[in-house]
$ cat query-v8.cif   # mmCIF, C-alpha atoms and all ligand atoms
data_upload
#
loop_
_atom_site.label_atom_id
_atom_site.label_comp_id
_atom_site.auth_asym_id
_atom_site.auth_seq_id
_atom_site.Cartn_x
_atom_site.Cartn_y
_atom_site.Cartn_z
CA ASN O 1 -47.58 -7.29 -11.76
CA TYR O 2 -46.06 -6.18 -15.01
CA ARG O 3 -48.11 -5.11 -18.01
CA CYS O 4 -46.00 -7.18 -20.38
CA ARG O 5 -43.36 -9.91 -20.29
CA SER O 6 -40.85 -7.50 -21.78
CA ALA O 7 -40.33 -6.21 -18.22
CA PHE O 8 -38.16 -9.25 -17.52
CA LYS O 9 -35.75 -8.34 -20.29
CA LEU O 10 -35.13 -4.90 -18.81
CA LEU O 11 -34.86 -6.34 -15.28
CA GLU O 12 -32.30 -8.86 -16.50
CA ILE O 13 -30.27 -6.28 -18.43
CA ASP O 14 -30.38 -3.81 -15.55
CA ASP O 15 -29.39 -6.41 -12.94
CA LYS O 16 -26.34 -7.28 -14.97
CA HIS O 17 -25.31 -3.95 -16.49
CA LYS O 18 -26.51 -1.38 -13.92
CA VAL O 19 -28.30 1.04 -16.19
CA LEU O 20 -30.88 2.43 -13.73
CA ARG O 21 -30.46 3.73 -10.21
CA PRO O 22 -32.35 6.06 -7.86
CA GLY O 23 -32.42 9.67 -8.96
CA LEU O 24 -31.90 9.14 -12.67
CA SER O 25 -34.05 10.76 -15.31
CA VAL O 26 -35.18 8.28 -17.99
CA ILE O 27 -36.90 8.53 -21.36
CA ASP O 28 -38.61 5.28 -22.36
CA CYS O 29 -39.18 5.25 -26.13
CA GLY O 30 -41.84 2.90 -27.44
CA ALA O 31 -43.23 2.63 -23.91
CA ALA O 32 -46.67 1.06 -24.56
CA PRO O 33 -48.16 -0.85 -22.81
CA GLY O 34 -45.80 0.37 -20.09
CA ALA O 35 -43.88 -2.56 -18.60
CA TRP O 36 -40.43 -1.02 -19.06
CA SER O 37 -41.73 2.19 -17.53
CA GLN O 38 -42.96 0.17 -14.53
CA VAL O 39 -39.46 -1.22 -14.07
CA ALA O 40 -37.89 2.21 -14.55
CA VAL O 41 -40.26 3.85 -12.01
CA GLN O 42 -39.15 1.30 -9.40
CA ARG O 43 -35.46 1.42 -10.15
CA VAL O 44 -35.05 5.21 -10.33
CA ASN O 45 -37.28 5.66 -7.27
CA ALA O 46 -39.65 7.91 -9.24
CA LEU O 47 -42.33 7.56 -6.57
CA GLY O 48 -39.97 8.29 -3.73
CA THR O 49 -40.75 4.86 -2.27
CA ASP O 50 -37.30 4.80 -0.73
CA PRO O 51 -37.17 7.99 1.33
CA ASN O 52 -33.42 7.71 1.75
CA ALA O 53 -32.64 7.63 -1.96
CA PRO O 54 -32.85 10.38 -4.57
CA VAL O 55 -36.06 10.59 -6.59
CA GLY O 56 -35.86 9.96 -10.33
CA PHE O 57 -38.10 10.70 -13.27
CA VAL O 58 -39.61 8.56 -16.06
CA LEU O 59 -41.07 9.83 -19.33
CA GLY O 60 -42.66 7.24 -21.63
CA VAL O 61 -43.28 8.03 -25.32
CA ASP O 62 -45.27 5.96 -27.80
CA LEU O 63 -47.29 6.14 -31.01
CA LEU O 64 -50.03 4.38 -29.07
CA HIS O 65 -52.09 5.20 -26.02
CA ILE O 66 -50.54 4.14 -22.68
CA SER O 67 -52.66 3.65 -19.57
CA PRO O 68 -51.62 5.95 -16.74
CA LEU O 69 -48.92 4.67 -14.40
CA GLU O 70 -48.14 6.18 -11.02
CA GLY O 71 -44.69 7.69 -11.06
CA ALA O 72 -44.41 8.02 -14.83
CA VAL O 73 -45.29 10.82 -17.23
CA PHE O 74 -46.53 9.61 -20.61
CA LEU O 75 -46.49 11.23 -24.01
CA PRO O 76 -48.90 9.04 -26.00
CA ASN O 77 -49.84 9.30 -29.68
CA ALA O 78 -46.38 10.66 -30.33
CA ASP O 79 -43.95 9.63 -33.06
CA ILE O 80 -40.38 9.84 -31.84
CA THR O 81 -39.26 10.85 -35.35
CA ASP O 82 -41.58 13.89 -35.35
CA PRO O 83 -39.84 17.18 -34.39
CA VAL O 84 -42.96 18.17 -32.43
CA THR O 85 -42.36 15.16 -30.16
CA LEU O 86 -38.81 16.34 -29.47
CA LYS O 87 -40.15 19.73 -28.35
CA LYS O 88 -42.71 18.10 -26.07
CA ILE O 89 -40.07 15.84 -24.54
CA GLN O 90 -37.91 18.86 -23.79
CA GLU O 91 -40.87 20.61 -22.17
CA LEU O 92 -41.71 17.60 -20.00
CA LEU O 93 -38.18 16.82 -18.82
CA PRO O 94 -37.58 18.31 -15.35
CA THR O 95 -33.86 18.38 -15.98
CA GLU O 96 -32.50 19.82 -19.18
CA ARG O 97 -31.40 16.40 -20.38
CA ALA O 98 -32.08 12.78 -19.49
CA ASP O 99 -29.49 10.45 -17.96
CA VAL O 100 -30.80 7.38 -19.78
CA ILE O 101 -32.70 6.76 -23.02
CA LEU O 102 -34.35 3.35 -23.26
CA SER O 103 -35.77 2.17 -26.56
CA ASP O 104 -37.78 -1.00 -26.97
CA MET O 105 -39.38 0.55 -30.07
CA ALA O 106 -40.43 -1.71 -32.89
CA PRO O 107 -42.11 -0.66 -36.13
CA ASN O 108 -45.12 -2.65 -37.33
CA ALA O 109 -43.51 -5.74 -38.76
CA THR O 110 -44.20 -6.48 -42.43
CA GLY O 111 -42.89 -10.02 -42.05
CA ILE O 112 -40.19 -9.28 -44.61
CA ARG O 113 -37.24 -9.72 -42.33
CA GLU O 114 -34.76 -7.56 -44.23
CA LEU O 115 -37.22 -4.67 -44.53
CA ASP O 116 -38.25 -4.81 -40.86
CA HIS O 117 -34.59 -4.88 -39.91
CA GLN O 118 -33.87 -1.75 -41.97
CA LYS O 119 -36.87 0.11 -40.59
CA LEU O 120 -35.83 -0.53 -37.01
CA ILE O 121 -32.19 0.38 -37.64
CA ASN O 122 -33.36 3.66 -39.19
CA LEU O 123 -35.57 4.32 -36.19
CA CYS O 124 -32.62 3.75 -33.85
CA LEU O 125 -30.41 6.04 -35.96
CA THR O 126 -33.03 8.77 -35.71
CA LEU O 127 -33.14 8.29 -31.96
CA LEU O 128 -29.37 8.64 -31.84
CA ASP O 129 -29.65 11.97 -33.66
CA LEU O 130 -32.18 13.16 -31.11
CA SER O 131 -29.85 12.22 -28.28
CA GLN O 132 -27.80 15.26 -29.08
CA SER O 133 -30.64 17.42 -27.74
CA ILE O 134 -31.99 15.24 -24.93
CA LEU O 135 -29.20 13.07 -23.51
CA ARG O 136 -26.69 14.46 -21.05
CA PRO O 137 -22.95 14.01 -21.50
CA ARG O 138 -21.88 10.61 -20.10
CA GLY O 139 -25.48 9.42 -20.51
CA ILE O 140 -26.64 5.94 -21.56
CA ILE O 141 -28.71 4.52 -24.43
CA LEU O 142 -30.19 1.04 -24.41
CA CYS O 143 -31.86 0.27 -27.73
CA LYS O 144 -33.43 -2.77 -29.31
CA PHE O 145 -32.78 -3.73 -32.91
CA TRP O 146 -33.49 -6.69 -35.13
CA ASP O 147 -30.31 -8.29 -36.34
CA GLY O 148 -29.34 -8.01 -39.98
CA ARG O 149 -26.84 -6.65 -42.39
CA GLU O 150 -27.13 -3.00 -41.38
CA ALA O 151 -26.61 -3.52 -37.66
CA HIS O 152 -22.97 -2.52 -38.00
CA LEU O 153 -24.04 0.94 -39.23
CA LEU O 154 -25.84 1.53 -35.97
CA GLN O 155 -23.01 0.00 -33.96
CA ASN O 156 -20.44 2.23 -35.70
CA ARG O 157 -22.51 5.34 -35.10
CA LEU O 158 -22.89 4.42 -31.43
CA MET O 159 -19.16 3.82 -31.14
CA GLU O 160 -18.48 7.29 -32.53
CA HIS O 161 -20.57 8.87 -29.80
CA PHE O 162 -20.21 6.56 -26.79
CA GLN O 163 -17.09 5.23 -25.12
CA ASP O 164 -18.52 1.83 -24.17
CA VAL O 165 -20.84 -0.05 -26.57
CA ARG O 166 -22.00 -3.59 -25.83
CA THR O 167 -24.25 -6.06 -27.60
CA ILE O 168 -26.76 -7.82 -25.36
CA LYS O 169 -29.02 -10.78 -26.03
CA PRO O 170 -31.13 -11.25 -22.90
CA GLN O 171 -31.89 -14.82 -21.82
CA SER O 172 -35.50 -13.82 -21.37
CA SER O 173 -35.70 -12.86 -25.06
CA ARG O 174 -37.11 -15.71 -27.14
CA LYS O 175 -34.30 -17.76 -28.68
CA GLU O 176 -35.73 -17.66 -32.18
CA SER O 177 -36.27 -13.92 -32.07
CA ALA O 178 -33.82 -11.72 -33.99
CA GLU O 179 -34.00 -9.03 -31.33
CA ILE O 180 -30.78 -7.81 -29.78
CA TYR O 181 -29.94 -4.74 -27.72
CA TYR O 182 -27.09 -2.29 -27.90
CA LEU O 183 -26.11 -0.79 -24.58
CA ALA O 184 -24.05 2.36 -25.10
CA LYS O 185 -22.54 4.14 -22.12
CA LEU O 186 -20.62 7.38 -21.67
CA TYR O 187 -22.10 9.64 -24.28
CA ASN O 188 -19.75 12.32 -25.53
CA HIS O 189 -22.03 14.48 -27.71
CA GLY O 190 -20.68 14.69 -31.27
CA VAL O 191 -17.11 14.70 -29.97
CA LYS O 192 -15.30 11.82 -31.53
CA HIS O 193 -12.55 10.38 -29.38
CA GLN O 194 -9.20 10.96 -30.97
CA LYS O 195 -7.03 7.91 -31.02
CA HIS O 196 -3.37 8.54 -30.29
CA ARG O 197 -1.34 7.19 -33.13
N1 LIG G 201 -41.19 -1.75 -23.74
C1 LIG G 201 -42.65 -1.83 -23.87
C2 LIG G 201 -43.18 -2.45 -22.60
O1 LIG G 201 -42.40 -3.04 -21.88
O2 LIG G 201 -44.37 -2.32 -22.32
C3 LIG G 201 -43.04 -2.63 -25.11
C4 LIG G 201 -42.70 -1.89 -26.39
S1 LIG G 201 -43.37 -2.60 -27.86
C5 LIG G 201 -42.34 -3.98 -28.13
C6 LIG G 201 -42.83 -1.47 -29.12
C7 LIG G 201 -43.54 -0.12 -29.13
O3 LIG G 201 -42.83 0.79 -29.99
C8 LIG G 201 -44.96 -0.17 -29.68
O4 LIG G 201 -45.87 0.18 -28.67
C9 LIG G 201 -44.96 0.87 -30.81
O5 LIG G 201 -46.14 1.63 -30.88
C10 LIG G 201 -43.76 1.74 -30.44
N2 LIG G 201 -43.21 2.52 -31.56
C11 LIG G 201 -42.86 2.07 -32.79
N3 LIG G 201 -42.44 3.08 -33.56
C12 LIG G 201 -42.50 4.21 -32.80
C13 LIG G 201 -42.21 5.59 -33.06
N4 LIG G 201 -41.76 6.00 -34.26
N5 LIG G 201 -42.38 6.48 -32.05
C14 LIG G 201 -42.85 6.05 -30.85
N6 LIG G 201 -43.13 4.78 -30.55
C15 LIG G 201 -42.98 3.86 -31.52
#
$ encode --input "query-v8.cif" --output "structure tokens"
Amino acid sequence: NYRCRSAFKLLEIDDKHKVLRPGLSVIDCGAAPGAWSQVAVQRVNALGTDPNAPVGFVLGVDLLHISPLEGAVFLPNADITDPVTLKKIQELLPTERADVILSDMAPNATGIRELDHQKLINLCLTLLDLSQSILRPRGIILCKFWDGREAHLLQNRLMEHFQDVRTIKPQSSRKESAEIYYLAKLYNHGVKHQKHR
């Protein structure tokens, strides 16, 4: 039983694009009420349910309270853009850096589409900055955004830092919704890939 329908989006994306696997360490940004964390706990084997597979780790972060979930560590009442949150994440991570950063974050919508779009793009850009301190080389980011004119800014920034950037619109996402995900694989920390000319 999942806490929210959003679980099906992550299941669908993961089935197709293989983001999660046993043993990985995951940060779930905007985790409340916790459905993505439920999926992550299962798929990284955070509870050690499969004794023959490596045991992973899931850390969920949100502005809101999140009810406890077996196998996950939660950092509630925490703003991802606050430097204090970054410190706490680093303290809670068992490995120095995470393998995967998931973000289903969404700011409170004003209803003004252009403004909401900009706010979410800015939030994603901030998360990308944080990655430098919390994502391991060759790591993965999956982040939600609302489509609009500044999406290319985020896409360009991702392409500077990751070798493989894809745009994903899950079937289980409502058709009329403007939400889309970027899946960026193979993080190469600040190092921009030189193109041979
Ligand atoms: N993936 C979640 C699940 O499956 O249960 C649902 C996430 S919900 C669509 C978006 C969440 O992003 C909200 O709970 C909201 O509080 C959180 N959020 C928005 N801005 C945030 C920020 N700056 N820092 C942390 N969380 C944030």
$ residues_near_ligand --input "query-v8.cif" --ligand "ligand LIG 201 (chain G)" --cutoff "8 Å" --atoms "all atoms listed in the file" --output "JSON list (two decimals) with C-alpha atoms, in the coordinates of the input"
[["chain", "number", "residue", "atom", "x", "y", "z"],
["O", 3, "ARG", "CA", -48.11, -5.11, -18.01],
["O", 4, "CYS", "CA", -46.00, -7.18, -20.38],
["O", 5, "ARG", "CA", -43.36, -9.91, -20.29],
["O", 6, "SER", "CA", -40.85, -7.50, -21.78],
["O", 7, "ALA", "CA", -40.33, -6.21, -18.22],
["O", 28, "ASP", "CA", -38.61, 5.28, -22.36],
["O", 29, "CYS", "CA", -39.18, 5.25, -26.13],
["O", 30, "GLY", "CA", -41.84, 2.90, -27.44],
["O", 31, "ALA", "CA", -43.23, 2.63, -23.91],
["O", 32, "ALA", "CA", -46.67, 1.06, -24.56],
["O", 33, "PRO", "CA", -48.16, -0.85, -22.81],
["O", 34, "GLY", "CA", -45.80, 0.37, -20.09],
["O", 35, "ALA", "CA", -43.88, -2.56, -18.60],
["O", 36, "TRP", "CA", -40.43, -1.02, -19.06],
["O", 37, "SER", "CA", -41.73, 2.19, -17.53],
["O", 61, "VAL", "CA", -43.28, 8.03, -25.32],
["O", 62, "ASP", "CA", -45.27, 5.96, -27.80],
["O", 63, "LEU", "CA", -47.29, 6.14, -31.01],
["O", 64, "LEU", "CA", -50.03, 4.38, -29.07],
["O", 77, "ASN", "CA", -49.84, 9.30, -29.68],
["O", 78, "ALA", "CA", -46.38, 10.66, -30.33],
["O", 79, "ASP", "CA", -43.95, 9.63, -33.06],
["O", 80, "ILE", "CA", -40.38, 9.84, -31.84],
["O", 81, "THR", "CA", -39.26, 10.85, -35.35],
["O", 82, "ASP", "CA", -41.58, 13.89, -35.35],
["O", 103, "SER", "CA", -35.77, 2.17, -26.56],
["O", 104, "ASP", "CA", -37.78, -1.00, -26.97],
["O", 105, "MET", "CA", -39.38, 0.55, -30.07],
["O", 106, "ALA", "CA", -40.43, -1.71, -32.89],
["O", 107, "PRO", "CA", -42.11, -0.66, -36.13],
["O", 108, "ASN", "CA", -45.12, -2.65, -37.33],
["O", 123, "LEU", "CA", -35.57, 4.32, -36.19]]
$ closest_residue --input "query-v8.cif" --among "O:His65, O:Arg43, O:Arg149, O:Lys169" --to "Asp116 in chain O" --atoms "all atoms listed in the file"
O:Arg149
$ residues_around --input "query-v8.cif" --residues "Ile27 in chain O" --least-positions-apart "3" --cutoff "9 Å" --atoms "all atoms listed in the file" --output "list of chain:residue names"
O:Ser37, O:Phe57, O:Val58, O:Leu59, O:Gly60, O:Val61, O:Ile89, O:Leu93, O:Ala98, O:Asp99, O:Val100, O:Ile101, O:Leu102, O:Ser103
$ atom_distance --input "query-v8.cif" --atom1 "CA of Ala46 in chain O" --atom2 "CA of Gly71 in chain O"
5.4 Å
$ closest_residue --input "query-v8.cif" --among "O:Val84, O:Ala178, O:Cys124, O:Val19" --to "Leu158 in chain O" --atoms "only C-alpha atoms"
O:Cys124
$ closest_residue --input "query-v8.cif" --among "O:Arg166, O:His152, O:His161, O:Lys175" --to "His17 in chain O" --atoms "only C-alpha atoms"
O:Arg166
$ closest_residue --input "query-v8.cif" --among "O:Ala72, O:Leu183, O:Ile141, O:Leu24" --to "Pro170 in chain O" --atoms "all atoms listed in the file"
O:Leu183
$ residues_around --input "query-v8.cif" --residues "Ser173 in chain O" --least-positions-apart "6" --cutoff "9 Å" --atoms "only C-alpha atoms" --output "CSV table (one decimal) with C-alpha atoms, in the coordinates of the input"
chain,number,residue,atom,x,y,z
O,6,SER,CA,-40.8,-7.5,-21.8
O,8,PHE,CA,-38.2,-9.2,-17.5
O,9,LYS,CA,-35.8,-8.3,-20.3
O,179,GLU,CA,-34.0,-9.0,-31.3
O,180,ILE,CA,-30.8,-7.8,-29.8
$ axis_aligned_box --input "query-v8.cif" --around "range 18-26 of chain O" --padding-each-side "4 Å" --output "JSON"
{"center_x": -30.8, "center_y": 4.7, "center_z": -12.9, "size_x": 16.7, "size_y": 20.1, "size_z": 18.1}
$ closest_residue --input "query-v8.cif" --among "O:Val41, O:Ala151, O:Ala184, O:Ala53" --to "Gln163 in chain O" --atoms "all atoms listed in the file"
O:Ala184
$ closest_residue --input "query-v8.cif" --among "O:Arg157, O:Lys144, O:Arg136, O:Arg174" --to "Arg97 in chain O" --atoms "only C-alpha atoms"
O:Arg136
$ atom_distance --input "query-v8.cif" --atom1 "CA of Leu128 in chain O" --atom2 "CA of Phe74 in chain O"
20.5 Å
